[in-house]
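The next block is protein.txt, given as compact mmCIF, C-alpha atoms.
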```txt
# COMPACT_ATOMS: atom_id res chain seq x y z
CA MET L 1 75.17 131.48 57.88
CA LYS L 2 77.70 134.17 58.80
CA ILE L 3 74.91 136.39 60.11
CA THR L 4 73.77 133.65 62.49
CA ALA L 5 77.31 133.16 63.77
CA MET L 6 77.67 136.91 64.30
CA GLU L 7 74.30 137.09 66.07
CA ASN L 8 75.35 134.26 68.38
CA LYS L 9 78.60 136.04 69.22
CA THR L 10 76.72 139.26 69.95
CA GLU L 11 74.18 137.42 72.08
CA THR L 12 76.99 135.73 74.03
CA ALA L 13 78.83 139.04 74.42
CA ASN L 14 75.69 140.68 75.85
CA GLN L 15 74.94 137.86 78.29
CA LYS L 16 75.15 138.78 81.95
CA HIS L 17 77.62 136.60 83.82
CA ILE L 18 76.38 135.21 87.14
CA LEU L 19 78.77 133.63 89.64
CA VAL L 20 77.04 130.93 91.69
CA VAL L 21 78.85 130.32 95.00
CA ASP L 22 77.49 127.31 96.88
CA ASP L 23 79.17 124.23 98.36
CA ASN L 24 76.11 122.12 97.50
CA VAL L 25 77.22 121.11 94.00
CA GLU L 26 73.83 119.75 92.91
CA LEU L 27 72.06 122.94 93.99
CA ALA L 28 74.74 125.10 92.32
CA GLN L 29 74.28 123.14 89.08
CA THR L 30 70.51 123.62 89.31
CA TYR L 31 71.00 127.38 89.69
CA GLN L 32 73.45 127.34 86.78
CA GLU L 33 70.97 125.53 84.52
CA LEU L 34 68.14 127.85 85.57
CA PHE L 35 70.21 130.94 84.77
CA GLN L 36 71.31 129.53 81.43
CA VAL L 37 67.69 128.79 80.47
CA HIS L 38 66.93 132.45 81.25
CA GLY L 39 69.74 133.73 79.01
CA TYR L 40 72.54 134.23 81.52
CA LYS L 41 76.05 132.82 81.52
CA ALA L 42 76.68 131.10 84.87
CA THR L 43 79.87 129.88 86.53
CA ILE L 44 80.02 127.77 89.69
CA ALA L 45 82.41 128.09 92.62
CA THR L 46 82.01 125.61 95.48
CA ASN L 47 83.67 127.73 98.16
CA GLY L 48 84.58 131.34 98.86
CA VAL L 49 88.28 130.95 98.05
CA GLN L 50 87.53 129.55 94.60
CA ALA L 51 84.93 132.29 94.08
CA LEU L 52 87.39 135.00 95.09
CA LYS L 53 89.90 133.73 92.51
CA LEU L 54 87.19 133.85 89.84
CA VAL L 55 86.17 137.38 90.82
CA MET L 56 89.80 138.53 90.66
CA HIS L 57 90.46 137.02 87.22
CA SER L 58 87.19 137.40 85.33
CA GLU L 59 84.33 139.85 85.06
CA VAL L 60 81.02 138.91 86.63
CA ASP L 61 77.81 140.89 86.64
CA ALA L 62 76.19 139.38 89.75
CA ILE L 63 76.94 136.88 92.49
CA LEU L 64 74.51 134.39 93.98
CA CYS L 65 76.11 133.36 97.26
CA ASP L 66 75.44 130.87 100.03
CA LEU L 67 76.57 131.87 103.52
CA SER L 68 77.74 128.64 105.14
CA MET L 69 80.63 127.23 103.09
CA PRO L 70 84.05 125.67 103.67
CA GLN L 71 87.31 127.65 103.44
CA LEU L 72 85.75 131.12 103.20
CA GLU L 73 82.15 131.66 104.25
CA GLY L 74 79.78 133.91 102.32
CA ASP L 75 79.93 136.85 104.71
CA MET L 76 83.76 136.93 104.65
CA PHE L 77 83.74 136.44 100.87
CA PHE L 78 81.42 139.46 100.55
CA ILE L 79 83.62 141.62 102.80
CA THR L 80 86.70 140.67 100.76
CA VAL L 81 84.95 141.38 97.43
CA GLU L 82 83.73 144.70 98.84
CA ARG L 83 87.39 145.70 99.34
CA VAL L 84 88.88 144.42 96.08
CA ARG L 85 85.92 144.92 93.68
CA PRO L 86 83.65 147.42 95.47
CA HIS L 87 81.24 147.77 92.54
CA LEU L 88 80.27 144.10 92.98
CA SER L 89 79.16 144.61 96.58
CA LYS L 90 75.84 145.91 95.20
CA ARG L 91 75.51 142.88 92.94
CA PHE L 92 75.15 140.09 95.54
CA VAL L 93 72.11 137.95 96.23
CA PHE L 94 72.50 135.77 99.31
CA VAL L 95 70.72 132.43 99.51
CA THR L 96 70.85 130.58 102.81
CA GLY L 97 69.18 127.89 104.84
CA ASN L 98 70.35 129.55 108.07
CA VAL L 99 67.18 131.40 109.06
CA GLY L 100 67.80 133.33 112.27
CA ASN L 101 71.30 131.88 112.78
CA PRO L 102 73.01 134.17 115.32
CA LYS L 103 76.31 133.67 113.49
CA TYR L 104 75.00 135.39 110.33
CA GLU L 105 72.13 137.55 111.62
CA PRO L 106 74.22 140.71 112.35
CA PHE L 107 75.79 140.51 108.88
CA LEU L 108 72.44 140.01 107.15
CA LYS L 109 70.88 142.94 109.03
CA ASN L 110 73.67 145.29 107.88
CA VAL L 111 74.16 144.17 104.30
CA SER L 112 72.09 145.95 101.67
CA CYS L 113 71.71 142.97 99.35
CA PRO L 114 68.72 140.71 98.78
CA VAL L 115 68.65 137.72 101.14
CA LEU L 116 66.57 134.69 100.21
CA TYR L 117 65.96 131.67 102.43
CA LYS L 118 66.03 128.11 101.10
CA PRO L 119 64.00 126.68 99.57
CA VAL L 120 63.77 129.61 97.17
CA ALA L 121 60.93 130.09 94.68
CA ILE L 122 62.29 130.49 91.15
CA ASP L 123 60.33 133.72 90.61
CA ASN L 124 61.78 135.26 93.78
CA LEU L 125 65.30 134.24 92.77
CA LEU L 126 65.00 135.71 89.28
CA LYS L 127 63.40 138.89 90.65
CA ALA L 128 66.24 139.36 93.18
CA LEU L 129 68.82 138.74 90.46
CA SER L 130 67.17 141.29 88.18
CA SER L 131 67.14 143.86 90.99
CA VAL L 132 70.90 143.64 91.52
CA LEU L 133 71.69 143.63 87.79
CA VAL L 134 70.17 147.11 87.42
CA GLN L 135 72.62 148.53 89.98
CA PRO L 136 75.33 150.83 88.57
CA SER L 137 78.41 148.89 87.47
CA GLU L 138 81.24 151.36 87.99
CA ASN L 139 84.58 149.59 88.34
```

Any chance you could put this one into structure tokens?
Amino acid sequence: MKITAMENKTETANQKHILVVDDNVELAQTYQELFQVHGYKATIATNGVQALKLVMHSEVDAILCDLSMPQLEGDMFFITVERVRPHLSKRFVFVTGNVGNPKYEPFLKNVSCPVLYKPVAIDNLLKALSSVLVQPSEN
């Protein structure tokens, strides 16, 4: 019985932590459940300010981020994270329904992170997440 408990602790310790940032709570919960089924730990933030607080006070391995959100939009959240936790700037996956939106297009053209457009196929989402998790994680 002790071995099982130790194995569970090790498995939990080795889990990659994904921060899901999306103001659509139902969608964020769906992402969270999907990631948990695939062996990840997932935390939800419903706006960029809440997400920034989480990034500042806990370690995350990757960030799945919507662009259009209240309080602090995804592009401004990314720019802030890039300054305060630069290693995470390579660990973003953006998911947006704003295809061709002139407000976000310049940002999306210049950012070197995967960008997926809603609705997102599960395989594409998991593939994009895997691609950012292999990036170096220097702090």

With a cut-off of 8 Å, could you pull out the residues of segment 3-58 of chain L touching segment 71-81 of chain L and give me the nearest pair of atoms for each, distance in Å to one decimal, using all atoms listed in the file, ordered by chain and ascending number, as CSV?
```
residue,atom,partner,partner_atom,distance
L:Asn47,CA,L:Gln71,CA,6.4
L:Gly48,CA,L:Leu72,CA,4.5
L:Val49,CA,L:Leu72,CA,5.7
L:Leu52,CA,L:Phe77,CA,7.0
L:Val55,CA,L:Val81,CA,7.8
```

Include C-alpha atoms and write out the residues we just selected as a PDB file, in the coordinates of the input.
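Dumped to out_1.pdb:
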```
ATOM      1  CA  ASN L  47      83.670 127.730  98.160  1.00  0.00           C
ATOM      2  CA  GLY L  48      84.580 131.340  98.860  1.00  0.00           C
ATOM      3  CA  VAL L  49      88.280 130.950  98.050  1.00  0.00           C
ATOM      4  CA  LEU L  52      87.390 135.000  95.090  1.00  0.00           C
ATOM      5  CA  VAL L  55      86.170 137.380  90.820  1.00  0.00           C
TER       6      VAL L  55
END
```

Nearest residue to Val37 of chain L from the set L:Ser131, L:Val93, L:Gln15, L:Asn110 (distances using only C-alpha atoms) |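 Between L:Ser131, L:Val93, L:Gln15, L:Asn110, the residue approaching Val37 of chain L most closely is L:Gln15.
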
With all atoms of segment 125-129 of chain L from the file as input, state the centre and edge lengths in Å to one decimal of the axis-aligned box that has 3 Å extra on each side, as JSON.
```
{"center_x": 66.1, "center_y": 136.8, "center_z": 91.2, "size_x": 11.4, "size_y": 11.1, "size_z": 9.9}
```

State, in Å with one decimal place, the distance from atom CA of Lys16 of chain L to atom CA of Glu33 of chain L.
->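 According to the coordinates, atom CA of Lys16 of chain L and atom CA of Glu33 of chain L are separated by 14.1 Å.
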
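For the atom pair formed by atom CA of Asp61 of chain L and atom CA of Pro102 of chain L, the distance is 29.8 Å, given to one decimal.
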
Among listed residues L:Leu67, L:Gln32, L:Pro86, L:Leu129, nearest Leu108 of chain L (using only C-alpha atoms) =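 So, comparing all the options, the nearest one is L:Leu67.
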